[in-house]
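Participant: Please find structure.csv (CSV, C-alpha atoms) on the next line:
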```csv
chain,number,residue,atom,x,y,z
S,1,PRO,CA,59.2,126.4,135.5
S,2,PHE,CA,61.7,126.5,132.7
S,3,LYS,CA,64.4,124.8,134.8
S,4,PHE,CA,62.3,121.5,134.8
S,5,ALA,CA,60.8,121.8,131.3
S,6,ASP,CA,62.2,118.5,130.3
S,7,LYS,CA,60.4,116.8,133.2
S,8,LEU,CA,57.0,118.0,132.0
S,9,LEU,CA,57.3,116.5,128.5
S,10,SER,CA,54.8,113.8,127.5
S,11,GLU,CA,55.9,110.2,126.6
S,12,LYS,CA,55.2,111.0,122.9
S,13,GLN,CA,57.4,114.1,123.0
S,14,VAL,CA,60.2,112.3,124.8
S,15,ALA,CA,60.0,109.5,122.2
S,16,LEU,CA,60.2,112.1,119.3
S,17,ILE,CA,63.2,113.7,120.9
S,18,GLN,CA,65.0,110.4,121.4
S,19,SER,CA,64.1,109.3,117.9
S,20,MET,CA,65.5,112.5,116.3
S,21,TYR,CA,68.7,112.1,118.5
S,22,ILE,CA,69.3,108.6,117.3
S,23,SER,CA,68.8,109.8,113.7
S,24,GLY,CA,71.6,112.4,114.1
S,25,VAL,CA,69.5,115.5,114.5
S,26,ASN,CA,71.5,118.0,116.7
S,27,TYR,CA,70.2,119.4,120.0
S,28,GLY,CA,69.4,122.9,118.5
S,29,ALA,CA,67.3,121.5,115.6
S,30,ILE,CA,65.5,119.2,118.1
S,31,ALA,CA,64.6,122.2,120.3
S,32,ASN,CA,63.3,124.1,117.2
S,33,VAL,CA,61.0,121.2,116.3
S,34,ILE,CA,59.5,120.9,119.8
S,35,LYS,CA,59.1,124.7,119.8
S,36,LEU,CA,57.3,124.6,116.4
S,37,ASN,CA,55.1,121.7,117.2
S,38,ASP,CA,54.3,122.2,120.9
S,39,GLN,CA,55.3,125.8,121.7
S,40,ILE,CA,57.7,124.5,124.5
S,41,ASP,CA,61.0,126.2,125.0
S,42,LEU,CA,63.9,123.8,125.6
S,43,CYS,CA,67.6,124.5,125.9
S,44,ARG,CA,70.4,122.1,124.8
S,45,GLU,CA,70.8,120.8,128.4
S,46,HIS,CA,67.1,119.9,128.5
S,47,ILE,CA,67.5,117.9,125.2
S,48,ARG,CA,70.7,116.2,126.5
S,49,HIS,CA,69.0,115.1,129.7
S,50,VAL,CA,66.0,113.6,127.7
S,51,CYS,CA,68.4,111.8,125.4
S,52,LEU,CA,70.4,110.3,128.3
S,53,ARG,CA,67.2,109.2,130.1
S,54,LYS,CA,67.2,105.7,128.6
S,55,LYS,CA,70.8,105.2,129.6
S,56,GLU,CA,70.1,106.4,133.2
S,57,GLU,CA,67.1,104.0,133.5
S,58,ARG,CA,69.2,101.1,132.2
S,59,LEU,CA,71.9,101.8,134.8
S,60,LYS,CA,69.4,102.1,137.6
S,61,GLN,CA,67.9,98.8,136.7
S,62,ARG,CA,71.4,97.3,136.2
S,63,ILE,CA,70.4,96.2,132.7
S,64,SER,CA,73.3,95.6,130.2
S,65,GLU,CA,73.1,96.9,126.7
S,66,THR,CA,72.6,93.4,125.3
S,67,GLU,CA,69.7,92.7,127.7
S,68,GLU,CA,68.1,96.0,126.6
S,69,LEU,CA,68.6,95.0,123.0
S,70,GLU,CA,67.0,91.5,123.7
S,71,ARG,CA,63.9,93.2,125.2
S,72,TYR,CA,63.6,95.5,122.2
S,73,MET,CA,63.8,92.7,119.7
S,74,ILE,CA,61.0,90.8,121.6
S,75,SER,CA,58.9,94.0,121.6
S,76,THR,CA,59.1,94.1,117.8
S,77,ASN,CA,58.4,90.4,117.3
S,78,GLY,CA,62.0,89.9,116.3
S,79,ILE,CA,64.5,87.4,117.8
S,80,SER,CA,68.0,87.5,119.2
S,81,ARG,CA,70.7,85.0,120.0
S,82,VAL,CA,73.5,85.5,122.4
S,83,ASP,CA,77.0,84.0,122.5
S,84,GLU,CA,78.0,83.8,126.1
S,85,TYR,CA,79.9,81.8,128.7
S,86,THR,CA,79.9,81.5,132.5
S,87,ASP,CA,83.2,81.8,134.3
S,88,LYS,CA,84.3,79.8,137.4
S,89,ASN,CA,82.8,82.5,139.7
S,90,GLY,CA,79.4,82.1,138.1
S,91,GLN,CA,79.7,85.4,136.2
S,92,ILE,CA,78.1,85.5,132.8
S,93,HIS,CA,80.2,87.1,130.0
S,94,ARG,CA,78.5,88.0,126.7
S,95,LYS,CA,80.7,88.0,123.6
S,96,ALA,CA,78.1,88.7,120.8
S,97,ILE,CA,74.4,89.2,120.1
S,98,ALA,CA,72.7,88.4,116.8
S,99,THR,CA,69.4,90.2,116.1
S,100,PHE,CA,66.8,89.5,113.4
S,101,THR,CA,63.5,91.3,112.6
S,102,GLU,CA,60.6,89.4,111.1
S,103,GLU,CA,61.5,90.8,107.6
S,104,GLU,CA,65.1,89.8,108.0
S,105,LEU,CA,64.1,86.2,108.9
S,106,TYR,CA,61.9,86.2,105.8
S,107,ASN,CA,64.9,87.4,103.7
S,108,LEU,CA,67.1,84.7,105.1
S,109,LYS,CA,64.6,82.0,104.3
S,110,ASN,CA,63.8,83.2,100.8
S,111,PHE,CA,67.0,84.9,99.6
S,112,GLY,CA,69.6,83.4,102.0
S,113,ASP,CA,71.4,81.2,99.4
S,114,LEU,CA,74.1,83.9,99.2
S,115,ILE,CA,75.0,85.8,102.4
S,116,ALA,CA,77.5,88.6,102.5
S,117,ILE,CA,79.4,89.2,105.7
S,118,ASP,CA,81.6,92.2,106.3
S,119,PRO,CA,82.4,93.5,109.8
S,120,THR,CA,82.4,97.2,110.2
S,121,PHE,CA,83.2,99.6,113.0
S,122,TYR,CA,81.2,102.5,114.4
S,123,THR,CA,81.4,104.7,117.5
S,124,MET,CA,79.4,102.8,120.1
S,125,THR,CA,79.1,103.1,123.8
S,126,SER,CA,80.1,99.5,124.1
S,127,ASN,CA,83.0,99.7,121.6
S,128,TRP,CA,81.8,96.5,119.9
S,129,SER,CA,81.9,95.7,116.1
S,130,ILE,CA,78.8,95.6,113.8
S,131,ILE,CA,78.5,92.6,111.5
S,132,PRO,CA,75.6,93.1,109.1
S,133,LEU,CA,74.3,90.1,107.1
S,134,THR,CA,73.4,91.1,103.6
S,135,VAL,CA,71.4,89.1,101.0
S,136,ILE,CA,70.2,89.8,97.4
S,137,GLY,CA,66.5,90.2,96.7
S,138,PRO,CA,64.6,89.0,93.6
S,139,GLU,CA,65.4,92.3,91.7
S,140,ARG,CA,69.1,92.1,92.6
S,141,ASN,CA,68.4,94.6,95.3
S,142,ILE,CA,70.3,94.6,98.7
S,143,LYS,CA,68.3,93.4,101.7
S,144,SER,CA,69.3,93.0,105.3
S,145,GLY,CA,69.5,89.5,106.7
S,146,GLY,CA,70.2,90.5,110.3
S,147,VAL,CA,72.7,92.5,112.4
S,148,ILE,CA,75.2,91.0,114.7
S,149,PHE,CA,77.1,93.0,117.4
S,150,SER,CA,80.3,91.4,118.6
S,151,CYS,CA,83.1,92.2,121.1
S,152,ASN,CA,85.6,91.1,118.5
S,153,THR,CA,85.9,89.5,115.1
S,154,SER,CA,87.9,86.4,116.1
S,155,GLU,CA,87.6,82.9,114.7
S,156,ASP,CA,85.3,81.8,117.6
S,157,ARG,CA,82.8,84.6,116.8
S,158,PHE,CA,82.6,83.6,113.2
S,159,ILE,CA,82.3,79.9,114.0
S,160,TRP,CA,79.3,80.8,116.2
S,161,ILE,CA,77.8,82.9,113.3
S,162,LEU,CA,78.3,80.0,110.8
S,163,LYS,CA,76.5,77.6,113.3
S,164,LEU,CA,73.6,80.0,113.5
S,165,LEU,CA,73.3,80.3,109.7
S,166,LEU,CA,73.7,76.5,109.1
S,167,PHE,CA,71.8,75.0,112.0
S,168,GLU,CA,69.3,77.4,113.5
S,169,LEU,CA,68.2,80.3,111.4
S,170,PRO,CA,65.8,80.1,108.4
S,171,SER,CA,68.9,80.1,106.1
S,172,LYS,CA,69.9,76.6,107.4
S,173,ASP,CA,68.4,74.8,104.4
S,174,VAL,CA,69.1,77.3,101.7
S,175,VAL,CA,72.5,78.9,102.3
S,176,THR,CA,75.2,77.7,99.8
S,177,THR,CA,77.7,80.6,99.7
S,178,ILE,CA,79.3,83.0,102.1
S,179,CYS,CA,80.8,86.1,100.5
S,180,SER,CA,83.2,88.3,102.4
S,181,ASP,CA,86.5,90.2,102.2
S,182,ASP,CA,89.8,88.6,103.2
S,183,ASP,CA,89.0,88.7,107.0
S,184,PRO,CA,91.5,86.7,109.1
S,185,GLY,CA,88.8,85.6,111.6
S,186,LEU,CA,86.4,84.4,109.0
S,187,ASN,CA,89.2,82.7,107.1
S,188,ALA,CA,90.2,80.7,110.2
S,189,ALA,CA,86.5,79.9,110.9
S,190,PHE,CA,86.0,78.6,107.4
S,191,ARG,CA,89.1,76.3,107.7
S,192,SER,CA,87.6,75.0,111.0
S,193,TYR,CA,84.3,74.4,109.2
S,194,LEU,CA,86.0,72.1,106.8
S,195,ILE,CA,87.4,69.9,109.5
S,196,ASP,CA,85.2,70.4,112.6
S,197,PRO,CA,83.0,67.3,113.3
S,198,GLU,CA,80.2,69.6,114.4
S,199,PHE,CA,79.8,70.7,110.8
S,200,GLN,CA,80.0,67.1,109.4
S,201,THR,CA,76.4,67.0,108.1
S,202,LYS,CA,76.8,70.4,106.4
S,203,LYS,CA,80.3,70.0,105.0
S,204,SER,CA,79.3,69.9,101.4
S,205,GLN,CA,76.7,72.6,101.7
S,206,LEU,CA,78.7,75.8,102.1
S,207,ASN,CA,81.0,77.5,99.5
S,208,ARG,CA,83.1,80.6,99.9
S,209,VAL,CA,83.7,83.8,97.8
S,210,ILE,CA,86.6,86.0,98.9
S,211,CYS,CA,86.4,89.5,97.5
S,212,PHE,CA,88.6,89.8,94.5
S,213,TRP,CA,88.7,93.6,94.7
S,214,HIS,CA,90.4,93.3,98.2
S,215,LYS,CA,92.9,90.8,96.9
S,216,LEU,CA,93.7,93.1,93.9
S,217,SER,CA,94.1,96.1,96.3
S,218,ASN,CA,96.5,94.1,98.5
S,219,PHE,CA,98.4,92.9,95.4
S,220,ILE,CA,98.8,96.5,94.1
S,221,SER,CA,100.1,97.6,97.6
S,222,GLU,CA,102.6,94.7,97.4
S,223,LEU,CA,103.9,95.8,94.0
S,224,LYS,CA,104.4,99.3,95.2
S,225,ARG,CA,106.2,98.0,98.3
S,226,LEU,CA,108.6,96.0,96.2
S,227,GLN,CA,109.4,99.2,94.1
S,228,ILE,CA,108.8,97.4,90.8
S,229,PRO,CA,109.2,99.5,87.6
S,230,GLU,CA,105.9,101.2,86.6
S,231,ASP,CA,105.7,99.3,83.3
S,232,ASP,CA,106.0,96.0,85.0
S,233,ILE,CA,103.4,97.1,87.6
S,234,LYS,CA,100.8,97.8,84.9
S,235,LYS,CA,101.6,94.5,83.2
S,236,TYR,CA,101.2,92.5,86.5
S,237,ILE,CA,98.0,94.3,87.4
S,238,LYS,CA,96.5,93.4,84.0
S,239,LEU,CA,97.4,89.8,84.4
S,240,PHE,CA,96.0,89.7,88.0
S,241,LYS,CA,92.7,91.2,86.8
S,242,LYS,CA,92.5,88.7,83.9
S,243,MET,CA,93.2,85.9,86.4
S,244,GLY,CA,90.3,86.9,88.6
S,245,ASN,CA,87.7,87.9,86.0
S,246,SER,CA,88.2,85.3,83.2
S,247,ARG,CA,85.5,82.7,82.8
S,248,ASP,CA,88.0,80.2,81.5
S,249,GLU,CA,89.8,78.2,84.2
S,250,ILE,CA,92.8,77.4,81.9
S,251,VAL,CA,93.3,81.2,81.4
S,252,THR,CA,93.1,81.8,85.1
S,253,LEU,CA,95.7,79.1,85.8
S,254,LYS,CA,98.0,80.4,83.1
S,255,CYS,CA,97.8,84.0,84.5
S,256,PHE,CA,98.6,82.7,88.0
S,257,GLN,CA,101.5,80.6,86.8
S,258,THR,CA,102.9,83.6,84.9
S,259,LEU,CA,102.8,85.8,87.9
S,260,GLU,CA,104.2,83.1,90.1
S,261,SER,CA,107.1,82.6,87.8
S,262,LYS,CA,108.3,86.1,88.5
S,263,PRO,CA,111.0,85.8,91.2
S,264,GLU,CA,109.9,89.0,93.0
S,265,LEU,CA,106.3,87.8,93.1
S,266,LYS,CA,106.7,84.1,93.8
S,267,ASN,CA,106.5,84.2,97.6
S,268,TYR,CA,103.5,86.6,97.6
S,269,MET,CA,101.5,84.5,95.0
S,270,ASN,CA,102.2,81.3,96.9
S,271,ASN,CA,101.5,82.6,100.4
S,272,ASN,CA,98.5,84.9,99.6
S,273,ILE,CA,96.8,83.8,96.4
S,274,LYS,CA,97.4,80.1,95.7
S,275,GLN,CA,95.2,78.7,98.5
S,276,ASP,CA,92.5,81.2,97.9
S,277,LEU,CA,92.4,81.1,94.1
S,278,LYS,CA,89.4,78.8,94.1
S,279,TYR,CA,87.5,81.4,96.2
S,280,ILE,CA,88.4,84.6,94.2
S,281,ALA,CA,88.6,83.6,90.5
S,282,LYS,CA,85.3,83.6,88.6
S,283,SER,CA,86.2,80.6,86.6
S,284,MET,CA,86.8,78.5,89.7
S,285,LEU,CA,83.9,79.5,92.0
S,286,ASN,CA,81.7,76.6,93.0
S,287,GLY,CA,78.0,77.0,93.9
S,288,PHE,CA,75.6,79.8,93.5
S,289,ASN,CA,77.2,83.3,93.8
S,290,CYS,CA,74.7,85.6,92.0
S,291,GLY,CA,77.6,86.6,89.6
S,292,TYR,CA,79.7,88.2,92.4
S,293,ASN,CA,83.3,87.6,93.1
S,294,THR,CA,83.6,90.7,95.2
S,295,SER,CA,81.9,91.7,98.5
S,296,SER,CA,80.5,94.9,96.9
S,297,ILE,CA,77.0,94.1,98.2
S,298,ALA,CA,78.3,94.0,101.8
S,299,GLU,CA,80.4,97.1,101.2
S,300,SER,CA,77.3,98.9,99.9
S,301,SER,CA,75.3,97.9,102.9
S,302,ASN,CA,78.0,99.1,105.3
S,303,SER,CA,78.3,102.4,103.4
S,304,ARG,CA,74.6,103.0,103.7
S,305,LEU,CA,74.8,102.1,107.4
S,306,LYS,CA,77.5,104.7,108.1
S,307,MET,CA,75.8,107.4,106.1
S,308,LEU,CA,72.5,106.9,108.1
S,309,LEU,CA,74.0,106.7,111.6
S,310,PRO,CA,74.9,110.0,113.5
S,311,SER,CA,78.5,110.9,114.5
S,312,HIS,CA,77.9,110.5,118.2
S,313,SER,CA,78.1,107.3,120.2
S,314,LEU,CA,74.9,105.1,120.4
S,315,SER,CA,73.9,102.1,122.4
S,316,LEU,CA,73.3,98.7,120.7
S,317,THR,CA,69.5,99.2,120.8
S,318,ASP,CA,69.8,102.7,119.3
S,319,ILE,CA,71.8,101.4,116.4
S,320,ARG,CA,69.4,98.5,115.9
S,321,ILE,CA,66.4,100.9,115.8
S,322,ALA,CA,68.2,103.2,113.3
S,323,LEU,CA,69.1,100.3,111.0
S,324,SER,CA,65.6,98.9,111.1
S,325,SER,CA,64.2,102.3,110.2
S,326,ALA,CA,66.7,102.7,107.4
S,327,GLU,CA,65.8,99.3,105.9
S,328,HIS,CA,62.1,100.3,106.0
S,329,LEU,CA,62.7,103.7,104.4
S,330,SER,CA,64.9,102.1,101.7
S,331,SER,CA,62.1,99.7,100.7
S,332,LEU,CA,59.6,102.5,100.6
S,333,SER,CA,62.0,104.6,98.4
S,334,LYS,CA,62.4,101.7,96.0
S,335,GLN,CA,58.7,101.2,95.9
S,336,PHE,CA,58.1,104.8,95.1
S,337,ILE,CA,60.8,104.9,92.3
S,338,ARG,CA,59.4,101.7,90.8
S,339,GLU,CA,55.9,103.0,90.7
S,340,ARG,CA,57.0,106.4,89.4
S,341,LYS,CA,59.1,104.9,86.6
S,342,ALA,CA,56.2,102.6,85.6
S,343,ARG,CA,53.9,105.6,85.3
S,344,LYS,CA,56.5,107.8,83.5
S,345,ILE,CA,57.2,105.3,80.7
S,346,LYS,CA,53.5,104.9,79.9
S,347,ASP,CA,51.8,107.3,77.6
S,348,SER,CA,49.4,109.7,79.3
S,349,MET,CA,46.5,108.5,77.0
S,350,LEU,CA,47.2,104.9,78.0
S,351,ILE,CA,47.1,105.8,81.7
S,352,ASN,CA,43.9,107.8,81.4
S,353,VAL,CA,42.1,104.9,79.5
S,354,MET,CA,43.3,102.3,82.1
S,355,GLU,CA,42.1,104.5,85.0
S,356,ARG,CA,38.8,105.6,83.4
S,357,PHE,CA,37.6,102.1,82.5
S,358,ASP,CA,39.6,100.1,85.0
S,359,ILE,CA,41.0,97.7,82.4
S,360,SER,CA,44.4,96.0,81.9
S,361,GLU,CA,47.3,97.6,80.0
S,362,ASN,CA,47.0,95.3,77.0
S,363,ILE,CA,43.3,96.1,76.4
S,364,ALA,CA,43.9,99.9,77.0
S,365,ASN,CA,46.8,99.8,74.6
S,366,SER,CA,44.6,98.3,71.8
S,367,ILE,CA,42.0,101.0,72.4
S,368,CYS,CA,44.7,103.7,72.2
S,369,ASN,CA,46.0,102.3,69.0
S,370,ALA,CA,42.5,102.3,67.5
S,371,ILE,CA,42.0,105.9,68.6
S,372,ILE,CA,45.3,107.0,67.0
S,373,LYS,CA,44.6,105.2,63.8
S,374,SER,CA,41.1,106.7,63.4
```
Before we go any further, please render this structure as structure tokens.
Facilitator:
Amino acid sequence: PFKFADKLLSEKQVALIQSMYISGVNYGAIANVIKLNDQIDLCREHIRHVCLRKKEERLKQRISETEELERYMISTNGISRVDEYTDKNGQIHRKAIATFTEEELYNLKNFGDLIAIDPTFYTMTSNWSIIPLTVIGPERNIKSGGVIFSCNTSEDRFIWILKLLLFELPSKDVVTTICSDDDPGLNAAFRSYLIDPEFQTKKSQLNRVICFWHKLSNFISELKRLQIPEDDIKKYIKLFKKMGNSRDEIVTLKCFQTLESKPELKNYMNNNIKQDLKYIAKSMLNGFNCGYNTSSIAESSNSRLKMLLPSHSLSLTDIRIALSSAEHLSSLSKQFIRERKARKIKDSMLINVMERFDISENIANSICNAIIKS
């Protein structure tokens, strides 16, 4: 009967419905797809019940979202690490879970010298934060290095993340630079890294890049707050940009001193820029940074994440599935574009000769030149 139509769906049909829901397809569109493919009539309530089935099963089995996510990562040959503690009553409290697919572990091992970290927020059933790890591939393309879900973005959470990157994950022998915005939690964690005995053997390994664009945005906001004349604002912004983007350390220091000498800017420059200058100015950055003094790679990754996720709340596992699928689709798109461009820039005669005789491009090019000259 129609009333129980959702109970008669096959496992494959249920998986398709749940997959479309995670991808942001609305109930009406899902019902239309099932009708078109399987000639089954479903109403919105049927679809909603199917989409909530996983949550209901989890509640029945008294499984937490982090436990469900751990099981999912194992089923896909990935790994997960949990930050937790046990209270005096023996109750376990989980504060964060880090997840890594096989491909992400490969990315950390091979491209994990520069890792961008930028927490972002999304509507989740758990109300946790998402902290994607982003690396740069061999073609300067953005790649995922893992996804961390955390109950907060405090100093302790970032210290735990730094320990994972430096001591446990495949990045431990290659990571040299952490790139991020001016996050208070990560700033405090990095200060602890410099003095914490646990990091003693890694103390000289890790450098820092703080996003210059965020520093510039905050500086402009401060200028507007101070109600400085417009002409002076333009002059100060130009000096600030020159300070951050110059490749000459002497120029950088002169720009800083000029701005610091202005009575209205002295406190701001000393309190917000002086200690971080070595992390934001291109001329003063130490270690490998791939040419970046901004967290634009992490911002791009977060932007893509929010574009791909639906507007409704998802569980940790649902988000992990969506992000893994998005990463796979992104790599396929890049492969298609790369192959399409390679074909488009070659002359049709050259392609035909290569395909007909199964020869290399150089040999085919010589044959084509000979044909044209004749």
Participant: In Å, with one decimal, what is the gap from CA of Leu42 (chain S) to CA of Ser19 (chain S)?
Facilitator: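 Computing the Euclidean distance for CA of Leu42 (chain S) and CA of Ser19 (chain S) yields 16.4 Å.
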Participant: Name the closest residue to Thr176 (chain S) among the candidates S:Ser80, S:Thr153, S:Asn286, S:Ser144; distances are taken between atoms, counting all atoms listed in the file.
Facilitator: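 Answer, going by the shortest atom-to-atom distance: S:Asn286.
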Participant: Residues near region 363-372 of chain S, anyone? I mean within 8 Å using only C-alpha atoms, not counting same-chain ones fewer than 5 positions away, as a PDB file with C-alpha atoms, in the coordinates of the input.
Facilitator:
```pdb
ATOM      1  CA  MET S 349      46.500 108.500  77.000  1.00  0.00           C
ATOM      2  CA  LEU S 350      47.200 104.900  78.000  1.00  0.00           C
ATOM      3  CA  VAL S 353      42.100 104.900  79.500  1.00  0.00           C
ATOM      4  CA  MET S 354      43.300 102.300  82.100  1.00  0.00           C
TER       5      MET S 354
END
```
Participant: Give the answer as one residue: which of S:Ile220, S:Ile34, S:Leu169, S:Leu285 has the shortest atom-to-atom distance to Ser10 (chain S), using all atoms listed in the file?
Facilitator: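 Closest residue, counting all atoms listed in the file: S:Ile34.
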Participant: Which is closer to Asn218 (chain S) than all the others in S:Asp358, S:Glu11, S:Glu230, S:Asp181, using only C-alpha atoms?
Facilitator: S:Asp181
Participant: Given the choices S:Arg320, S:Lys3, S:Arg247, S:Lys35, which gets closest to Tyr72 (chain S) if the distance is worked out from only C-alpha atoms?
Facilitator: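 Looking only at the distances to Tyr72 (chain S), the closest residue turns out to be S:Arg320.
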Participant: May I have the protein, DNA and RNA residues with any atom at most 12 Å from the point (73.1, 117.7, 124.7), counting all atoms listed in the file, written as a ChimeraX atom specification?
Facilitator: /S:17-18,21,24-31,42-53,312
Participant: Please provide as a ChimeraX atom specification all residues within 10 Å of Lys109 (chain S), with the sequence filter that same-chain residues fewer than 5 positions apart are discarded (counting all atoms listed in the file).
Facilitator: /S:103-104,145,169-175
Participant: Just checking: using all atoms listed in the file, which residue out of S:Leu105, S:Leu277, S:Ala116, S:Leu36 ends up closest to Ile142 (chain S)?
Facilitator: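 Checking each of S:Leu105, S:Leu277, S:Ala116, S:Leu36 against Ile142 (chain S), counting all atoms listed in the file, the winner is S:Ala116.
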Participant: Residues at most 10 Å from region 321-337 of chain S, counting all atoms listed in the file, excluding those fewer than 4 positions away in the same chain, as an MDAnalysis selection string?
Facilitator: chainID S and resid 19 22:24 69 72:73 100:101 103:104 132 141:144 146:147 304:306 308:310 314 316:317 341:343
Participant: Please provide the set of residues having any atom within 7 Å of region 289-299 of chain S, restricted to only C-alpha atoms, with same-chain residues fewer than 5 positions apart removed, written as a compact mmCIF listing (two decimals) with C-alpha atoms, keeping the file's coordinate frame.
Facilitator:
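This is the output file result.txt:
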```
# COMPACT_ATOMS: atom_id res chain seq x y z
CA LEU S 114 74.10 83.90 99.20
CA ALA S 116 77.50 88.60 102.50
CA ILE S 117 79.40 89.20 105.70
CA ASP S 118 81.60 92.20 106.30
CA THR S 134 73.40 91.10 103.60
CA ILE S 142 70.30 94.60 98.70
CA THR S 177 77.70 80.60 99.70
CA CYS S 179 80.80 86.10 100.50
CA SER S 180 83.20 88.30 102.40
CA ASP S 181 86.50 90.20 102.20
CA VAL S 209 83.70 83.80 97.80
CA ILE S 210 86.60 86.00 98.90
CA CYS S 211 86.40 89.50 97.50
CA PHE S 212 88.60 89.80 94.50
CA TRP S 213 88.70 93.60 94.70
CA ILE S 280 88.40 84.60 94.20
CA LYS S 282 85.30 83.60 88.60
```
Participant: In the coordinates of the file, take the point (84.4, 82.9, 112.3) and a cut-off of 6 Å; then, counting only C-alpha atoms, name each qualifying protein, DNA or RNA residue as a list in words.
Facilitator: Glu155, Asp156, Arg157, Phe158, Ile159, Gly185, Leu186 and Ala189 of chain S
Participant: Rounded to one decimal place, report the CA of Ser301 (chain S)-CA of Leu133 (chain S) distance in Å.
Facilitator: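 We find that CA of Ser301 (chain S) and CA of Leu133 (chain S) lie 8.9 Å from each other.
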Participant: Once you've located region 353-358 of chain S in the structure I gave, write it as a PDB file, in the first residue's frame, keeping all heavy atoms.
Facilitator:
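Here's the written file out-v1.pdb:
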```
ATOM      1  N   VAL S 353      47.323  11.528 -37.307  1.00  0.00           N
ATOM      2  CA  VAL S 353      48.534  10.754 -37.598  1.00  0.00           C
ATOM      3  C   VAL S 353      48.964   9.955 -36.373  1.00  0.00           C
ATOM      4  O   VAL S 353      49.327   8.768 -36.467  1.00  0.00           O
ATOM      5  CB  VAL S 353      49.676  11.688 -38.078  1.00  0.00           C
ATOM      6  CG1 VAL S 353      51.002  10.927 -38.168  1.00  0.00           C
ATOM      7  CG2 VAL S 353      49.330  12.306 -39.424  1.00  0.00           C
ATOM      8  N   MET S 354      48.915  10.576 -35.200  1.00  0.00           N
ATOM      9  CA  MET S 354      49.294   9.894 -33.955  1.00  0.00           C
ATOM     10  C   MET S 354      48.388   8.694 -33.696  1.00  0.00           C
ATOM     11  O   MET S 354      48.863   7.621 -33.311  1.00  0.00           O
ATOM     12  CB  MET S 354      49.223  10.885 -32.777  1.00  0.00           C
ATOM     13  CG  MET S 354      50.311  11.943 -32.775  1.00  0.00           C
ATOM     14  SD  MET S 354      50.037  13.193 -31.484  1.00  0.00           S
ATOM     15  CE  MET S 354      50.213  12.202 -29.998  1.00  0.00           C
ATOM     16  N   GLU S 355      47.068   8.892 -33.898  1.00  0.00           N
ATOM     17  CA  GLU S 355      46.122   7.808 -33.623  1.00  0.00           C
ATOM     18  C   GLU S 355      46.204   6.691 -34.661  1.00  0.00           C
ATOM     19  O   GLU S 355      46.112   5.511 -34.332  1.00  0.00           O
ATOM     20  CB  GLU S 355      44.698   8.384 -33.568  1.00  0.00           C
ATOM     21  CG  GLU S 355      44.450   9.277 -32.346  1.00  0.00           C
ATOM     22  CD  GLU S 355      43.051   9.855 -32.332  1.00  0.00           C
ATOM     23  OE1 GLU S 355      42.374   9.800 -33.396  1.00  0.00           O
ATOM     24  OE2 GLU S 355      42.635  10.379 -31.281  1.00  0.00           O
ATOM     25  N   ARG S 356      46.396   7.077 -35.939  1.00  0.00           N
ATOM     26  CA  ARG S 356      46.406   6.078 -37.011  1.00  0.00           C
ATOM     27  C   ARG S 356      47.612   5.156 -36.937  1.00  0.00           C
ATOM     28  O   ARG S 356      47.515   3.936 -37.131  1.00  0.00           O
ATOM     29  CB  ARG S 356      46.358   6.785 -38.367  1.00  0.00           C
ATOM     30  CG  ARG S 356      46.285   5.823 -39.553  1.00  0.00           C
ATOM     31  CD  ARG S 356      46.098   6.582 -40.831  1.00  0.00           C
ATOM     32  NE  ARG S 356      46.048   5.680 -41.977  1.00  0.00           N
ATOM     33  CZ  ARG S 356      45.909   6.069 -43.232  1.00  0.00           C
ATOM     34  NH1 ARG S 356      45.773   7.359 -43.504  1.00  0.00           N
ATOM     35  NH2 ARG S 356      45.884   5.193 -44.212  1.00  0.00           N
ATOM     36  N   PHE S 357      48.778   5.752 -36.632  1.00  0.00           N
ATOM     37  CA  PHE S 357      50.012   4.959 -36.648  1.00  0.00           C
ATOM     38  C   PHE S 357      50.538   4.636 -35.246  1.00  0.00           C
ATOM     39  O   PHE S 357      51.574   3.991 -35.093  1.00  0.00           O
ATOM     40  CB  PHE S 357      51.095   5.689 -37.455  1.00  0.00           C
ATOM     41  CG  PHE S 357      50.722   5.927 -38.888  1.00  0.00           C
ATOM     42  CD1 PHE S 357      50.332   7.183 -39.323  1.00  0.00           C
ATOM     43  CD2 PHE S 357      50.732   4.875 -39.793  1.00  0.00           C
ATOM     44  CE1 PHE S 357      49.979   7.399 -40.651  1.00  0.00           C
ATOM     45  CE2 PHE S 357      50.384   5.077 -41.125  1.00  0.00           C
ATOM     46  CZ  PHE S 357      50.001   6.351 -41.561  1.00  0.00           C
ATOM     47  N   ASP S 358      49.818   5.131 -34.226  1.00  0.00           N
ATOM     48  CA  ASP S 358      50.205   4.875 -32.840  1.00  0.00           C
ATOM     49  C   ASP S 358      51.658   5.269 -32.587  1.00  0.00           C
ATOM     50  O   ASP S 358      52.486   4.468 -32.146  1.00  0.00           O
ATOM     51  CB  ASP S 358      49.987   3.395 -32.483  1.00  0.00           C
ATOM     52  CG  ASP S 358      50.088   3.164 -30.977  1.00  0.00           C
ATOM     53  OD1 ASP S 358      49.898   4.123 -30.216  1.00  0.00           O
ATOM     54  OD2 ASP S 358      50.383   2.033 -30.578  1.00  0.00           O
TER      55      ASP S 358
END
```
